[in-house]
$ cat target08.cif   # mmCIF, C-alpha atoms
data_input
#
loop_
_atom_site.label_atom_id
_atom_site.label_comp_id
_atom_site.auth_asym_id
_atom_site.auth_seq_id
_atom_site.Cartn_x
_atom_site.Cartn_y
_atom_site.Cartn_z
CA THR A 283 -252.87 -14.10 29.38
CA ILE A 284 -250.77 -16.65 27.47
CA SER A 285 -250.99 -17.58 23.80
CA ALA A 286 -252.39 -20.98 22.85
CA ASN A 287 -248.90 -22.29 22.02
CA ASN A 288 -247.61 -21.12 25.43
CA GLU A 289 -244.91 -19.02 23.76
CA THR A 290 -246.08 -15.46 24.43
CA LEU A 291 -247.21 -13.68 27.59
CA LEU A 292 -249.62 -10.77 27.08
CA TYR A 293 -250.48 -8.14 29.70
CA THR A 294 -251.16 -4.49 30.59
CA GLU A 295 -248.36 -2.35 32.03
CA GLY A 296 -248.22 1.27 33.19
CA ASN A 297 -249.98 3.91 35.28
CA GLN A 298 -253.64 3.00 35.59
CA ASP A 299 -254.48 6.15 37.56
CA ASN A 300 -253.73 8.51 34.66
CA GLY A 301 -254.76 6.11 31.89
CA GLN A 302 -251.25 5.68 30.49
CA THR A 303 -251.13 1.89 30.24
CA GLU A 304 -249.51 -0.08 27.44
CA ILE A 305 -250.18 -3.47 25.88
CA VAL A 306 -247.05 -5.60 26.23
CA THR A 307 -245.92 -9.02 25.00
CA ILE A 308 -242.97 -11.11 26.17
CA ASN A 309 -241.60 -14.03 24.20
CA LEU A 310 -241.19 -16.68 26.89
CA SER A 311 -238.44 -18.55 25.04
CA ASN A 312 -236.03 -15.63 24.57
CA GLY A 313 -237.36 -12.96 26.94
CA VAL A 314 -237.86 -10.34 24.22
CA LYS A 315 -240.36 -7.68 25.27
CA SER A 316 -242.49 -5.77 22.74
CA VAL A 317 -244.92 -2.88 23.26
CA VAL A 318 -247.99 -3.08 21.04
CA THR A 319 -249.27 0.44 21.80
CA LEU A 320 -246.25 2.57 20.87
CA GLU A 321 -247.59 4.65 18.00
CA ASN A 322 -249.53 7.93 17.99
CA ASN A 323 -249.99 8.36 21.77
CA ARG A 324 -252.01 5.14 21.87
CA PHE A 325 -252.75 3.42 25.17
CA GLY A 326 -254.62 0.25 26.00
CA ALA A 327 -255.74 -2.29 28.59
CA ILE A 328 -257.08 -5.81 29.17
CA PRO A 329 -255.79 -7.56 26.02
CA GLN A 330 -256.76 -11.04 24.80
CA PHE A 331 -255.28 -13.35 22.15
CA ASN A 332 -257.27 -15.02 19.42
CA SER A 333 -257.18 -18.84 19.34
CA THR A 334 -254.05 -19.00 17.18
CA GLY A 335 -252.11 -16.37 19.13
CA ASP A 336 -251.32 -14.11 16.18
CA LYS A 337 -253.89 -11.37 16.87
CA ILE A 338 -254.57 -9.30 19.97
CA VAL A 339 -257.80 -7.50 20.82
CA TYR A 340 -257.87 -4.82 23.50
CA ALA A 341 -259.57 -1.63 24.69
CA SER A 342 -257.67 1.40 23.38
CA TRP A 343 -257.64 5.18 23.55
CA ARG A 344 -255.37 8.07 22.59
CA SER A 345 -253.97 11.13 24.32
CA ASP A 346 -254.07 14.57 22.66
CA SER A 347 -251.52 17.39 23.03
CA LEU A 348 -253.20 18.52 26.26
CA GLY A 349 -253.15 15.05 27.76
CA GLN A 350 -256.88 14.51 27.32
CA MET A 351 -257.85 10.90 26.65
CA SER A 352 -260.22 9.89 23.87
CA THR A 353 -263.24 7.64 24.42
CA PRO A 354 -262.07 4.00 24.68
CA THR A 355 -262.86 1.79 21.69
CA ILE A 356 -261.78 -1.71 20.65
CA SER A 357 -258.66 -2.34 18.57
CA VAL A 358 -257.17 -5.41 16.91
CA TYR A 359 -253.40 -5.81 16.52
CA ASP A 360 -252.12 -8.25 13.89
CA MET A 361 -248.78 -9.58 15.18
CA THR A 362 -247.81 -11.02 11.79
CA ILE A 363 -247.74 -7.62 10.04
CA GLY A 364 -247.56 -5.21 13.00
CA VAL A 365 -250.74 -3.31 12.08
CA THR A 366 -253.51 -2.06 14.41
CA GLU A 367 -257.14 -1.64 13.31
CA ASP A 368 -259.63 0.41 15.34
CA LEU A 369 -263.13 -1.04 15.10
CA GLN A 370 -265.97 1.33 14.22
CA LEU A 371 -268.31 0.89 17.18
CA GLY A 372 -269.93 4.29 17.66
CA ASN A 373 -269.26 7.05 20.18
CA GLU A 374 -269.82 5.27 23.50
CA GLU A 375 -266.94 3.80 25.51
CA CYS A 376 -266.06 0.12 25.02
CA TRP A 377 -264.09 -2.33 27.19
CA ARG A 378 -263.27 -5.98 27.88
CA PRO A 379 -263.10 -7.49 24.36
CA VAL A 380 -262.78 -11.26 23.81
CA TYR A 381 -262.72 -13.36 20.66
CA TRP A 382 -265.77 -15.55 20.08
CA ASN A 383 -267.30 -18.01 17.64
CA ASN A 384 -264.08 -19.39 16.13
CA ASP A 385 -262.52 -15.92 16.11
CA SER A 386 -265.16 -14.65 13.65
CA GLU A 387 -266.62 -12.22 16.21
CA ILE A 388 -265.52 -10.08 19.12
CA LEU A 389 -267.61 -9.74 22.25
CA TYR A 390 -267.18 -6.56 24.28
CA ILE A 391 -269.02 -4.35 26.72
CA GLN A 392 -270.21 -0.89 25.72
CA LYS A 393 -272.02 1.86 27.57
CA ASP A 394 -275.51 2.16 26.12
CA ALA A 395 -276.32 5.74 25.18
CA SER A 396 -279.97 5.50 26.21
CA THR A 397 -279.55 3.86 29.63
CA GLY A 398 -275.98 4.68 30.66
CA LYS A 399 -275.48 1.01 31.57
CA PHE A 400 -272.86 -1.31 30.10
CA VAL A 401 -274.25 -4.02 27.80
CA ILE A 402 -272.65 -6.97 25.97
CA ARG A 403 -272.35 -6.59 22.21
CA SER A 404 -270.75 -8.58 19.41
CA TYR A 405 -268.86 -7.28 16.39
CA SER A 406 -268.61 -9.48 13.31
CA LEU A 407 -265.15 -9.42 11.74
CA GLN A 408 -266.70 -10.72 8.52
CA ASP A 409 -269.58 -8.36 7.79
CA HIS A 410 -268.92 -5.70 10.53
CA ASN A 411 -272.42 -6.03 11.98
CA ILE A 412 -272.96 -5.09 15.63
CA THR A 413 -275.44 -7.08 17.72
CA THR A 414 -276.54 -6.54 21.31
CA ILE A 415 -276.19 -9.90 23.09
CA LEU A 416 -277.32 -8.94 26.60
CA ALA A 417 -278.67 -5.78 28.22
CA CYS A 418 -279.66 -5.60 31.89
CA ASP A 419 -280.90 -2.89 34.25
CA TYR A 420 -277.49 -2.98 35.94
CA ASP A 421 -273.89 -2.59 34.79
CA ILE A 422 -272.05 -5.55 33.25
CA TRP A 423 -268.27 -5.98 33.46
CA ASP A 424 -265.50 -8.60 33.13
CA ILE A 425 -266.98 -10.85 30.45
CA THR A 426 -265.47 -14.23 29.57
CA ILE A 427 -266.52 -17.06 27.25
CA SER A 428 -266.84 -20.73 28.23
CA PRO A 429 -264.77 -23.35 26.35
CA SER A 430 -267.86 -24.54 24.45
CA ASN A 431 -268.77 -20.95 23.45
CA ARG A 432 -272.23 -21.46 24.95
CA TYR A 433 -271.93 -19.40 28.14
CA ILE A 434 -270.80 -15.90 29.06
CA ALA A 435 -269.74 -15.37 32.66
CA TYR A 436 -269.64 -11.78 33.85
CA ALA A 437 -269.61 -9.53 36.88
CA GLY A 438 -272.80 -7.54 37.47
CA ASN A 439 -273.58 -4.76 39.94
CA GLU A 440 -277.27 -5.35 40.56
CA SER A 441 -277.63 -4.43 44.24
CA GLY A 442 -274.68 -2.24 45.17
CA ASN A 443 -271.96 -4.88 45.02
CA TRP A 444 -270.44 -7.08 42.31
CA ASN A 445 -271.63 -10.65 41.90
CA LEU A 446 -271.05 -13.19 39.14
CA TYR A 447 -273.65 -14.19 36.57
CA LEU A 448 -273.88 -16.80 33.83
CA TYR A 449 -275.63 -16.09 30.53
CA ASP A 450 -276.69 -19.06 28.39
CA ILE A 451 -276.33 -17.80 24.82
CA LYS A 452 -278.40 -20.67 23.37
CA GLN A 453 -281.30 -20.47 25.83
CA LYS A 454 -280.99 -16.68 26.37
CA THR A 455 -281.27 -17.10 30.14
CA THR A 456 -279.26 -15.57 32.98
CA SER A 457 -278.47 -17.09 36.36
CA LYS A 458 -276.76 -15.52 39.37
CA ILE A 459 -273.91 -17.78 40.49
CA THR A 460 -272.60 -15.83 43.51
CA ASN A 461 -274.62 -13.90 46.08
CA SER A 462 -272.42 -12.43 48.78
CA LEU A 463 -272.01 -9.19 50.73
CA GLY A 464 -268.56 -8.78 49.21
CA ASP A 465 -267.56 -8.38 45.59
CA GLU A 466 -266.66 -10.96 42.95
CA TRP A 467 -265.21 -10.11 39.57
CA ASP A 468 -262.87 -11.24 36.75
CA PRO A 469 -264.34 -14.72 36.18
CA ALA A 470 -262.36 -17.19 34.06
CA PHE A 471 -263.45 -20.65 32.98
CA GLY A 472 -261.25 -23.65 33.64
CA ASN A 473 -260.97 -26.65 31.32
CA ASN A 474 -264.75 -26.96 30.90
CA ASP A 475 -268.00 -25.02 31.25
CA LYS A 476 -268.46 -26.11 34.89
CA GLU A 477 -265.26 -24.63 36.37
CA ILE A 478 -264.96 -20.92 37.15
CA TRP A 479 -262.10 -19.09 38.85
CA PHE A 480 -262.60 -15.50 39.99
CA ALA A 481 -261.23 -12.69 42.15
CA GLY A 482 -263.20 -11.55 45.17
CA THR A 483 -263.36 -9.85 48.53
CA SER A 484 -265.33 -10.86 51.61
CA GLY A 485 -264.79 -8.88 54.79
CA MET A 486 -261.06 -8.98 55.53
CA ASN A 487 -260.46 -11.73 53.00
CA ASN A 488 -259.56 -11.21 49.38
CA GLY A 489 -257.98 -13.44 46.80
CA ILE A 490 -258.63 -15.94 44.02
CA PHE A 491 -261.56 -18.32 44.41
CA TYR A 492 -263.00 -21.32 42.61
CA LEU A 493 -266.48 -22.72 42.14
CA THR A 494 -268.04 -25.65 40.32
CA LEU A 495 -271.37 -25.08 38.58
CA ASP A 496 -274.21 -27.58 38.86
#
$ encode --input "target08.cif" --output "structure tokens"
Amino acid sequence: TISANNETLLYTEGNQDNGQTEIVTINLSNGVKSVVTLENNRFGAIPQFNSTGDKIVYASWRSDSLGQMSTPTISVYDMTIGVTEDLQLGNEECWRPVYWNNDSEILYIQKDASTGKFVIRSYSLQDHNITTILACDYDIWDITISPSNRYIAYAGNESGNWNLYLYDIKQKTTSKITNSLGDEWDPAFGNNDKEIWFAGTSGMNNGIFYLTLD
């Protein structure tokens, strides 16, 4: 992902198979590379900028002396002071954080202890309250927020494969926006709430696809 001022590239780098992935930034004007997750055997994945590009939120975990990884949680890195804060979200694994509501909250997915399914929750950076936004009888993954902050697009595995869904935060309704025999994931909105880009596979074909919502 790229910061709002188009100056910094942010991505995950490393060995995904053994969980040793780092959060990396590159200054696009001078080529300087920085690793966010250097300290205390910290690793991370799937980072996102806030709207001003000075904070990074990502899923993080640590490795102990035996190489065992801790349960992933959500962390916030402040680029202006070089400090990381781990959010207090409970004991269940968390992934896919994104800033929301004028950067006052963070949306993320977390495995629900009672059902074992991933649900969407929000964490308030102001009062530290946690709210469940959406829980389904299937796993949720790859959440993203529309430009207006009204919709959440996500991948859901309802019937043995991954399709894309749209959740209307205001109306509290969900609609299925792809229905294929393949898999679709990693949705991203374009310039407005009607444009969605996503990755997918269908038979021998795989790549990046685009759809326009009604």
$ atom_distance --input "target08.cif" --atom1 "atom CA of A:Ser428" --atom2 "atom CA of A:His410"
23.3 Å
$ atom_distance --input "target08.cif" --atom1 "atom CA of A:Asp475" --atom2 "atom CA of A:Asp450"
10.9 Å
$ atom_distance --input "target08.cif" --atom1 "atom CA of A:Asn309" --atom2 "atom CA of A:Gly326"
19.4 Å
$ closest_residue --input "target08.cif" --among "A:Asp468, A:Arg403, A:Asp346, A:Asn443" --to "A:Ile328" --atoms "all atoms listed in the file"
A:Asp468
$ resolve_selection --input "target08.cif" --expression "the PyMOL selection byres ((chain A and resi 483) around 10)" --output "mmCIF file with C-alpha atoms, in the frame of the given file"
data_model
loop_
_atom_site.group_PDB
_atom_site.id
_atom_site.type_symbol
_atom_site.label_atom_id
_atom_site.label_comp_id
_atom_site.auth_asym_id
_atom_site.auth_seq_id
_atom_site.Cartn_x
_atom_site.Cartn_y
_atom_site.Cartn_z
ATOM 1 C CA TRP A 444 -270.440 -7.080 42.310
ATOM 2 C CA SER A 462 -272.420 -12.430 48.780
ATOM 3 C CA LEU A 463 -272.010 -9.190 50.730
ATOM 4 C CA GLY A 464 -268.560 -8.780 49.210
ATOM 5 C CA ASP A 465 -267.560 -8.380 45.590
ATOM 6 C CA GLU A 466 -266.660 -10.960 42.950
ATOM 7 C CA TRP A 467 -265.210 -10.110 39.570
ATOM 8 C CA ALA A 481 -261.230 -12.690 42.150
ATOM 9 C CA GLY A 482 -263.200 -11.550 45.170
ATOM 10 C CA SER A 484 -265.330 -10.860 51.610
ATOM 11 C CA GLY A 485 -264.790 -8.880 54.790
ATOM 12 C CA MET A 486 -261.060 -8.980 55.530
ATOM 13 C CA ASN A 487 -260.460 -11.730 53.000
ATOM 14 C CA ASN A 488 -259.560 -11.210 49.380
ATOM 15 C CA GLY A 489 -257.980 -13.440 46.800
ATOM 16 C CA ILE A 490 -258.630 -15.940 44.020
ATOM 17 C CA PHE A 491 -261.560 -18.320 44.410
#
$ residues_around --input "target08.cif" --residues "stretch 362-377 of chain A" --least-positions-apart "4" --cutoff "10 Å" --atoms "only C-alpha atoms" --output "MDAnalysis selection string"
chainID A and resid 318:319 321 326:329 336:343 352:358 389:395 398 400:403 405 407 410:412 423:425
$ residues_around --input "target08.cif" --residues "A:Ser285" --least-positions-apart "3" --cutoff "6 Å" --atoms "all atoms listed in the file" --output "PyMOL selection string"
chain A and resi 288+290+335
$ residues_around --input "target08.cif" --residues "A:Gln408" --least-positions-apart "4" --cutoff "12 Å" --atoms "all atoms listed in the file" --output "JSON, numbers by chain"
{"A": [383, 384, 385, 386, 387, 388, 404, 412]}
$ build_atoms --input "target08.cif" --residues "stretch 362-387 of chain A" --atoms "N, CA and C atoms" --output "PDB file, keeping the file's coordinate frame"
ATOM      1  N   THR A 362    -248.570 -10.559  12.951  1.00  0.00           N
ATOM      2  CA  THR A 362    -247.810 -11.020  11.790  1.00  0.00           C
ATOM      3  C   THR A 362    -247.356  -9.867  10.900  1.00  0.00           C
ATOM      4  N   ILE A 363    -248.112  -8.758  10.898  1.00  0.00           N
ATOM      5  CA  ILE A 363    -247.740  -7.620  10.040  1.00  0.00           C
ATOM      6  C   ILE A 363    -247.539  -6.332  10.841  1.00  0.00           C
ATOM      7  N   GLY A 364    -247.796  -6.377  12.153  1.00  0.00           N
ATOM      8  CA  GLY A 364    -247.560  -5.210  13.000  1.00  0.00           C
ATOM      9  C   GLY A 364    -248.501  -4.047  12.751  1.00  0.00           C
ATOM     10  N   VAL A 365    -249.763  -4.352  12.413  1.00  0.00           N
ATOM     11  CA  VAL A 365    -250.740  -3.310  12.080  1.00  0.00           C
ATOM     12  C   VAL A 365    -251.910  -3.365  13.059  1.00  0.00           C
ATOM     13  N   THR A 366    -252.370  -2.181  13.507  1.00  0.00           N
ATOM     14  CA  THR A 366    -253.510  -2.060  14.410  1.00  0.00           C
ATOM     15  C   THR A 366    -254.724  -1.513  13.660  1.00  0.00           C
ATOM     16  N   GLU A 367    -255.880  -2.126  13.877  1.00  0.00           N
ATOM     17  CA  GLU A 367    -257.140  -1.640  13.310  1.00  0.00           C
ATOM     18  C   GLU A 367    -258.079  -1.256  14.438  1.00  0.00           C
ATOM     19  N   ASP A 368    -258.617  -0.030  14.386  1.00  0.00           N
ATOM     20  CA  ASP A 368    -259.630   0.410  15.340  1.00  0.00           C
ATOM     21  C   ASP A 368    -261.003   0.067  14.790  1.00  0.00           C
ATOM     22  N   LEU A 369    -261.796  -0.664  15.551  1.00  0.00           N
ATOM     23  CA  LEU A 369    -263.130  -1.040  15.100  1.00  0.00           C
ATOM     24  C   LEU A 369    -264.073   0.154  15.190  1.00  0.00           C
ATOM     25  N   GLN A 370    -265.000   0.238  14.258  1.00  0.00           N
ATOM     26  CA  GLN A 370    -265.970   1.330  14.220  1.00  0.00           C
ATOM     27  C   GLN A 370    -267.216   0.922  14.997  1.00  0.00           C
ATOM     28  N   LEU A 371    -267.279   1.359  16.268  1.00  0.00           N
ATOM     29  CA  LEU A 371    -268.310   0.890  17.180  1.00  0.00           C
ATOM     30  C   LEU A 371    -269.212   1.995  17.710  1.00  0.00           C
ATOM     31  N   GLY A 372    -269.115   3.195  17.172  1.00  0.00           N
ATOM     32  CA  GLY A 372    -269.930   4.290  17.660  1.00  0.00           C
ATOM     33  C   GLY A 372    -269.165   5.157  18.637  1.00  0.00           C
ATOM     34  N   ASN A 373    -269.893   6.026  19.351  1.00  0.00           N
ATOM     35  CA  ASN A 373    -269.260   7.050  20.180  1.00  0.00           C
ATOM     36  C   ASN A 373    -269.172   6.703  21.665  1.00  0.00           C
ATOM     37  N   GLU A 374    -269.804   5.608  22.083  1.00  0.00           N
ATOM     38  CA  GLU A 374    -269.820   5.270  23.500  1.00  0.00           C
ATOM     39  C   GLU A 374    -268.620   4.391  23.867  1.00  0.00           C
ATOM     40  N   GLU A 375    -268.154   4.510  25.103  1.00  0.00           N
ATOM     41  CA  GLU A 375    -266.940   3.800  25.510  1.00  0.00           C
ATOM     42  C   GLU A 375    -267.133   2.283  25.502  1.00  0.00           C
ATOM     43  N   CYS A 376    -266.060   1.576  25.142  1.00  0.00           N
ATOM     44  CA  CYS A 376    -266.060   0.120  25.020  1.00  0.00           C
ATOM     45  C   CYS A 376    -264.894  -0.466  25.814  1.00  0.00           C
ATOM     46  N   TRP A 377    -265.107  -1.672  26.381  1.00  0.00           N
ATOM     47  CA  TRP A 377    -264.090  -2.330  27.190  1.00  0.00           C
ATOM     48  C   TRP A 377    -264.202  -3.846  27.049  1.00  0.00           C
ATOM     49  N   ARG A 378    -263.230  -4.539  27.621  1.00  0.00           N
ATOM     50  CA  ARG A 378    -263.270  -5.980  27.880  1.00  0.00           C
ATOM     51  C   ARG A 378    -263.555  -6.858  26.645  1.00  0.00           C
ATOM     52  N   PRO A 379    -262.835  -6.670  25.546  1.00  0.00           N
ATOM     53  CA  PRO A 379    -263.100  -7.490  24.360  1.00  0.00           C
ATOM     54  C   PRO A 379    -262.550  -8.906  24.494  1.00  0.00           C
ATOM     55  N   VAL A 380    -263.250  -9.872  23.896  1.00  0.00           N
ATOM     56  CA  VAL A 380    -262.780 -11.260  23.810  1.00  0.00           C
ATOM     57  C   VAL A 380    -263.200 -11.824  22.455  1.00  0.00           C
ATOM     58  N   TYR A 381    -262.358 -12.675  21.903  1.00  0.00           N
ATOM     59  CA  TYR A 381    -262.720 -13.360  20.660  1.00  0.00           C
ATOM     60  C   TYR A 381    -263.783 -14.418  20.943  1.00  0.00           C
ATOM     61  N   TRP A 382    -264.638 -14.645  19.922  1.00  0.00           N
ATOM     62  CA  TRP A 382    -265.770 -15.550  20.080  1.00  0.00           C
ATOM     63  C   TRP A 382    -266.098 -16.191  18.749  1.00  0.00           C
ATOM     64  N   ASN A 383    -266.755 -17.352  18.822  1.00  0.00           N
ATOM     65  CA  ASN A 383    -267.300 -18.010  17.640  1.00  0.00           C
ATOM     66  C   ASN A 383    -266.215 -18.264  16.595  1.00  0.00           C
ATOM     67  N   ASN A 384    -265.194 -19.039  17.018  1.00  0.00           N
ATOM     68  CA  ASN A 384    -264.080 -19.390  16.130  1.00  0.00           C
ATOM     69  C   ASN A 384    -263.354 -18.153  15.587  1.00  0.00           C
ATOM     70  N   ASP A 385    -263.231 -17.165  16.435  1.00  0.00           N
ATOM     71  CA  ASP A 385    -262.520 -15.920  16.110  1.00  0.00           C
ATOM     72  C   ASP A 385    -263.200 -15.096  15.014  1.00  0.00           C
ATOM     73  N   SER A 386    -264.452 -15.417  14.689  1.00  0.00           N
ATOM     74  CA  SER A 386    -265.160 -14.650  13.650  1.00  0.00           C
ATOM     75  C   SER A 386    -265.834 -13.405  14.220  1.00  0.00           C
ATOM     76  N   GLU A 387    -265.982 -13.355  15.558  1.00  0.00           N
ATOM     77  CA  GLU A 387    -266.620 -12.220  16.210  1.00  0.00           C
ATOM     78  C   GLU A 387    -265.839 -11.810  17.446  1.00  0.00           C
TER      79      GLU A 387
END
